[in-house]
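With CSV, C-alpha atoms inside, this is final15.csv:
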chain,number,residue,atom,x,y,z
A,1,MET,CA,82.8,94.0,69.4
A,2,ALA,CA,84.2,91.8,66.6
A,3,ASN,CA,87.2,91.1,68.8
A,4,ALA,CA,85.1,89.9,71.7
A,5,LEU,CA,83.1,87.6,69.4
A,6,SER,CA,86.3,86.1,67.8
A,7,ASP,CA,87.7,85.4,71.2
A,8,MET,CA,84.5,83.5,72.2
A,9,ARG,CA,84.7,79.7,72.0
A,10,PHE,CA,81.6,77.6,71.3
A,11,LEU,CA,81.2,73.9,72.1
A,12,THR,CA,78.9,71.3,70.5
A,13,VAL,CA,76.3,69.5,72.5
A,14,ALA,CA,78.5,66.4,72.6
A,15,GLU,CA,81.4,68.3,73.9
A,16,VAL,CA,79.3,69.9,76.7
A,17,ALA,CA,77.9,66.5,77.6
A,18,ASP,CA,81.4,65.1,77.9
A,19,LEU,CA,82.6,68.0,80.0
A,20,MET,CA,79.6,67.8,82.3
A,21,ARG,CA,79.5,64.0,82.3
A,22,VAL,CA,75.9,63.9,81.4
A,23,SER,CA,74.0,62.6,78.3
A,24,SER,CA,73.5,64.7,75.2
A,25,MET,CA,69.7,64.6,75.9
A,26,THR,CA,70.4,66.3,79.3
A,27,VAL,CA,72.2,69.1,77.5
A,28,TYR,CA,69.4,69.5,75.0
A,29,ARG,CA,66.9,69.7,78.0
A,30,LEU,CA,69.1,72.4,79.7
A,31,VAL,CA,69.2,74.4,76.4
A,32,ARG,CA,65.4,74.1,75.8
A,33,SER,CA,64.6,75.1,79.4
A,34,GLY,CA,66.8,78.1,79.1
A,35,ASP,CA,69.1,77.0,81.9
A,36,LEU,CA,72.0,76.8,79.5
A,37,PRO,CA,72.2,79.5,76.8
A,38,ALA,CA,72.9,78.4,73.3
A,39,VAL,CA,73.0,79.6,69.7
A,40,ARG,CA,71.4,77.6,66.9
A,41,PHE,CA,73.6,77.2,63.8
A,42,GLY,CA,71.5,75.4,61.1
A,43,ARG,CA,70.2,72.3,62.7
A,44,SER,CA,72.7,72.1,65.6
A,45,TYR,CA,73.3,74.1,68.8
A,46,ARG,CA,76.5,75.7,69.9
A,47,ILE,CA,77.0,76.6,73.6
A,48,PRO,CA,79.4,79.3,74.7
A,49,GLU,CA,82.2,77.8,76.8
A,50,SER,CA,81.7,80.6,79.4
A,51,ALA,CA,78.1,79.4,79.9
A,52,VAL,CA,79.2,75.9,80.5
A,53,GLU,CA,81.8,77.1,83.0
A,54,ALA,CA,79.2,79.2,84.8
A,55,ALA,CA,76.7,76.3,84.9
A,56,VAL,CA,79.3,73.9,86.4
A,57,GLU,CA,80.2,76.5,89.1
A,58,LEU,CA,76.7,76.9,90.3
A,59,PRO,CA,76.0,75.5,93.8
A,60,ALA,CA,74.0,72.3,93.9
A,61,ALA,CA,70.2,72.8,93.9
A,62,GLN,CA,68.6,72.8,97.3
A,63,PRO,CA,65.9,70.1,97.8
A,64,GLN,CA,62.4,71.6,97.6
A,65,VAL,CA,59.4,70.6,99.7
A,66,PRO,CA,56.6,69.4,97.4
A,67,ARG,CA,53.7,71.8,97.1
A,68,GLY,CA,50.3,70.8,98.4
A,69,ASN,CA,51.6,68.7,101.3
A,70,ARG,CA,50.3,70.2,104.5
A,71,ALA,CA,51.0,69.0,107.9
A,72,GLY,CA,48.1,68.3,110.1
I'd like the structure from this file rewritten - as structure tokens, please.
Amino acid sequence: MANALSDMRFLTVAEVADLMRVSSMTVYRLVRSGDLPAVRFGRSYRIPESAVEAAVELPAAQPQVPRGNRAG
């Protein structure tokens, strides 16, 4: 197990924002919503590189029909 953890690479919020071409605030929102797993070290977050790769590979979100709008 120690081997797997030592092979794992963690990125800062700024590094993830740069890779995904979004703002740091967007990365914080993804972390807080649970869409992007992260580990908290002191006052900062570290995101596993594998989680960023998985998030980037996800297909684009499908547009959703707003609830409460009924035809007729």
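In terms of minimum interatomic distance to A:Val16, A:Ile47 ranks closest within A:Ala38, A:Ile47, A:Leu30, A:Leu58, counting all atoms listed in the file.
One distance worth recording is that between atom CA of A:Ser23 and atom CA of A:Ser6, which is 28.5 Å.
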(message) If I take atom CA of A:Leu36 and atom CA of A:Thr12, how far is one from the other in Å, to one decimal?
(response) 12.6 Å
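Pairwise distance (atom CA of A:Val31, atom CA of A:Val52) equals 10.9 Å.
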(message) Given all atoms listed in the file as the basis, pick out the residue of A:Val39, A:Met8, A:Ala51, A:Val56 nearest to A:Arg21.
(response)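 Smallest distance to A:Arg21 is found for A:Val56.
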(request) Would you mind telling me which residue in A:Ala55, A:Leu11, A:Val22, A:Ala17 lies nearest to A:Asp35 when using only C-alpha atoms? (result) A:Ala55
(message) Residues within 10 Å of A:Glu15, please, as a ChimeraX atom specification. Count all atoms listed in the file; anything in the same chain fewer than 5 positions from it doesn't count.
(response) /A:10,20-21,24,27,46-47,49
Please write N, CA and C atoms of stretch 26-64 of chain A, from the structure given just now, as a PDB file, in the first residue's frame.
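Output file part32.pdb is given in full below:
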ATOM      1  N   THR A  26     -13.381  27.878  -9.646  1.00  0.00           N
ATOM      2  CA  THR A  26     -14.114  26.757 -10.242  1.00  0.00           C
ATOM      3  C   THR A  26     -13.616  25.437  -9.674  1.00  0.00           C
ATOM      4  N   VAL A  27     -12.321  25.314  -9.494  1.00  0.00           N
ATOM      5  CA  VAL A  27     -11.751  24.088  -8.920  1.00  0.00           C
ATOM      6  C   VAL A  27     -12.233  23.926  -7.483  1.00  0.00           C
ATOM      7  N   TYR A  28     -12.226  25.026  -6.705  1.00  0.00           N
ATOM      8  CA  TYR A  28     -12.732  24.950  -5.330  1.00  0.00           C
ATOM      9  C   TYR A  28     -14.199  24.521  -5.312  1.00  0.00           C
ATOM     10  N   ARG A  29     -14.994  25.033  -6.237  1.00  0.00           N
ATOM     11  CA  ARG A  29     -16.412  24.639  -6.306  1.00  0.00           C
ATOM     12  C   ARG A  29     -16.553  23.156  -6.617  1.00  0.00           C
ATOM     13  N   LEU A  30     -15.740  22.651  -7.546  1.00  0.00           N
ATOM     14  CA  LEU A  30     -15.782  21.222  -7.890  1.00  0.00           C
ATOM     15  C   LEU A  30     -15.397  20.358  -6.698  1.00  0.00           C
ATOM     16  N   VAL A  31     -14.414  20.811  -5.940  1.00  0.00           N
ATOM     17  CA  VAL A  31     -13.986  20.070  -4.747  1.00  0.00           C
ATOM     18  C   VAL A  31     -15.085  20.086  -3.699  1.00  0.00           C
ATOM     19  N   ARG A  32     -15.645  21.257  -3.426  1.00  0.00           N
ATOM     20  CA  ARG A  32     -16.681  21.371  -2.394  1.00  0.00           C
ATOM     21  C   ARG A  32     -17.948  20.598  -2.742  1.00  0.00           C
ATOM     22  N   SER A  33     -18.272  20.532  -4.037  1.00  0.00           N
ATOM     23  CA  SER A  33     -19.484  19.808  -4.449  1.00  0.00           C
ATOM     24  C   SER A  33     -19.262  18.300  -4.492  1.00  0.00           C
ATOM     25  N   GLY A  34     -18.009  17.873  -4.407  1.00  0.00           N
ATOM     26  CA  GLY A  34     -17.711  16.445  -4.451  1.00  0.00           C
ATOM     27  C   GLY A  34     -17.469  15.919  -5.854  1.00  0.00           C
ATOM     28  N   ASP A  35     -17.543  16.785  -6.860  1.00  0.00           N
ATOM     29  CA  ASP A  35     -17.310  16.362  -8.235  1.00  0.00           C
ATOM     30  C   ASP A  35     -15.843  16.076  -8.510  1.00  0.00           C
ATOM     31  N   LEU A  36     -14.968  16.633  -7.699  1.00  0.00           N
ATOM     32  CA  LEU A  36     -13.534  16.425  -7.847  1.00  0.00           C
ATOM     33  C   LEU A  36     -12.974  16.062  -6.469  1.00  0.00           C
ATOM     34  N   PRO A  37     -12.544  14.811  -6.298  1.00  0.00           N
ATOM     35  CA  PRO A  37     -12.033  14.407  -4.986  1.00  0.00           C
ATOM     36  C   PRO A  37     -10.742  15.139  -4.645  1.00  0.00           C
ATOM     37  N   ALA A  38     -10.570  15.452  -3.386  1.00  0.00           N
ATOM     38  CA  ALA A  38      -9.374  16.164  -2.940  1.00  0.00           C
ATOM     39  C   ALA A  38      -9.068  15.788  -1.499  1.00  0.00           C
ATOM     40  N   VAL A  39      -7.814  16.023  -1.131  1.00  0.00           N
ATOM     41  CA  VAL A  39      -7.353  15.794   0.229  1.00  0.00           C
ATOM     42  C   VAL A  39      -6.935  17.144   0.786  1.00  0.00           C
ATOM     43  N   ARG A  40      -7.304  17.393   2.011  1.00  0.00           N
ATOM     44  CA  ARG A  40      -6.942  18.669   2.631  1.00  0.00           C
ATOM     45  C   ARG A  40      -5.652  18.494   3.427  1.00  0.00           C
ATOM     46  N   PHE A  41      -4.651  19.313   3.110  1.00  0.00           N
ATOM     47  CA  PHE A  41      -3.389  19.342   3.843  1.00  0.00           C
ATOM     48  C   PHE A  41      -3.283  20.714   4.487  1.00  0.00           C
ATOM     49  N   GLY A  42      -3.493  20.766   5.786  1.00  0.00           N
ATOM     50  CA  GLY A  42      -3.473  22.059   6.464  1.00  0.00           C
ATOM     51  C   GLY A  42      -4.597  22.933   5.949  1.00  0.00           C
ATOM     52  N   ARG A  43      -4.236  24.079   5.372  1.00  0.00           N
ATOM     53  CA  ARG A  43      -5.244  25.008   4.856  1.00  0.00           C
ATOM     54  C   ARG A  43      -5.435  24.896   3.354  1.00  0.00           C
ATOM     55  N   SER A  44      -4.732  23.973   2.710  1.00  0.00           N
ATOM     56  CA  SER A  44      -4.829  23.866   1.254  1.00  0.00           C
ATOM     57  C   SER A  44      -5.319  22.485   0.830  1.00  0.00           C
ATOM     58  N   TYR A  45      -5.769  22.401  -0.394  1.00  0.00           N
ATOM     59  CA  TYR A  45      -6.235  21.147  -0.967  1.00  0.00           C
ATOM     60  C   TYR A  45      -5.196  20.598  -1.922  1.00  0.00           C
ATOM     61  N   ARG A  46      -5.156  19.271  -2.023  1.00  0.00           N
ATOM     62  CA  ARG A  46      -4.349  18.595  -3.037  1.00  0.00           C
ATOM     63  C   ARG A  46      -5.278  17.624  -3.751  1.00  0.00           C
ATOM     64  N   ILE A  47      -5.220  17.639  -5.065  1.00  0.00           N
ATOM     65  CA  ILE A  47      -6.107  16.819  -5.884  1.00  0.00           C
ATOM     66  C   ILE A  47      -5.262  15.755  -6.569  1.00  0.00           C
ATOM     67  N   PRO A  48      -5.668  14.476  -6.474  1.00  0.00           N
ATOM     68  CA  PRO A  48      -4.919  13.431  -7.161  1.00  0.00           C
ATOM     69  C   PRO A  48      -4.935  13.667  -8.673  1.00  0.00           C
ATOM     70  N   GLU A  49      -3.790  13.504  -9.299  1.00  0.00           N
ATOM     71  CA  GLU A  49      -3.692  13.713 -10.743  1.00  0.00           C
ATOM     72  C   GLU A  49      -4.648  12.789 -11.494  1.00  0.00           C
ATOM     73  N   SER A  50      -4.826  11.571 -10.990  1.00  0.00           N
ATOM     74  CA  SER A  50      -5.731  10.618 -11.640  1.00  0.00           C
ATOM     75  C   SER A  50      -7.177  11.114 -11.622  1.00  0.00           C
ATOM     76  N   ALA A  51      -7.562  11.850 -10.570  1.00  0.00           N
ATOM     77  CA  ALA A  51      -8.919  12.394 -10.494  1.00  0.00           C
ATOM     78  C   ALA A  51      -9.119  13.497 -11.523  1.00  0.00           C
ATOM     79  N   VAL A  52      -8.077  14.282 -11.750  1.00  0.00           N
ATOM     80  CA  VAL A  52      -8.166  15.349 -12.758  1.00  0.00           C
ATOM     81  C   VAL A  52      -8.284  14.727 -14.142  1.00  0.00           C
ATOM     82  N   GLU A  53      -7.476  13.707 -14.412  1.00  0.00           N
ATOM     83  CA  GLU A  53      -7.538  13.034 -15.710  1.00  0.00           C
ATOM     84  C   GLU A  53      -8.918  12.438 -15.943  1.00  0.00           C
ATOM     85  N   ALA A  54      -9.489  11.828 -14.902  1.00  0.00           N
ATOM     86  CA  ALA A  54     -10.825  11.234 -15.026  1.00  0.00           C
ATOM     87  C   ALA A  54     -11.883  12.314 -15.269  1.00  0.00           C
ATOM     88  N   ALA A  55     -11.763  13.448 -14.606  1.00  0.00           N
ATOM     89  CA  ALA A  55     -12.734  14.530 -14.770  1.00  0.00           C
ATOM     90  C   ALA A  55     -12.675  15.123 -16.169  1.00  0.00           C
ATOM     91  N   VAL A  56     -11.489  15.223 -16.716  1.00  0.00           N
ATOM     92  CA  VAL A  56     -11.325  15.786 -18.060  1.00  0.00           C
ATOM     93  C   VAL A  56     -11.860  14.837 -19.119  1.00  0.00           C
ATOM     94  N   GLU A  57     -11.781  13.536 -18.865  1.00  0.00           N
ATOM     95  CA  GLU A  57     -12.230  12.545 -19.845  1.00  0.00           C
ATOM     96  C   GLU A  57     -13.730  12.319 -19.839  1.00  0.00           C
ATOM     97  N   LEU A  58     -14.449  12.855 -18.844  1.00  0.00           N
ATOM     98  CA  LEU A  58     -15.899  12.670 -18.790  1.00  0.00           C
ATOM     99  C   LEU A  58     -16.559  13.342 -19.986  1.00  0.00           C
ATOM    100  N   PRO A  59     -17.605  12.728 -20.536  1.00  0.00           N
ATOM    101  CA  PRO A  59     -18.311  13.389 -21.643  1.00  0.00           C
ATOM    102  C   PRO A  59     -18.991  14.662 -21.157  1.00  0.00           C
ATOM    103  N   ALA A  60     -19.206  15.564 -22.072  1.00  0.00           N
ATOM    104  CA  ALA A  60     -19.844  16.841 -21.729  1.00  0.00           C
ATOM    105  C   ALA A  60     -21.234  16.586 -21.164  1.00  0.00           C
ATOM    106  N   ALA A  61     -21.633  17.419 -20.238  1.00  0.00           N
ATOM    107  CA  ALA A  61     -22.947  17.277 -19.605  1.00  0.00           C
ATOM    108  C   ALA A  61     -24.051  17.510 -20.626  1.00  0.00           C
ATOM    109  N   GLN A  62     -25.084  16.724 -20.522  1.00  0.00           N
ATOM    110  CA  GLN A  62     -26.241  16.868 -21.395  1.00  0.00           C
ATOM    111  C   GLN A  62     -27.117  17.994 -20.864  1.00  0.00           C
ATOM    112  N   PRO A  63     -27.652  18.831 -21.749  1.00  0.00           N
ATOM    113  CA  PRO A  63     -28.548  19.890 -21.267  1.00  0.00           C
ATOM    114  C   PRO A  63     -29.794  19.283 -20.638  1.00  0.00           C
ATOM    115  N   GLN A  64     -30.227  19.860 -19.536  1.00  0.00           N
ATOM    116  CA  GLN A  64     -31.389  19.342 -18.832  1.00  0.00           C
ATOM    117  C   GLN A  64     -32.569  20.276 -19.030  1.00  0.00           C
TER     118      GLN A  64
END
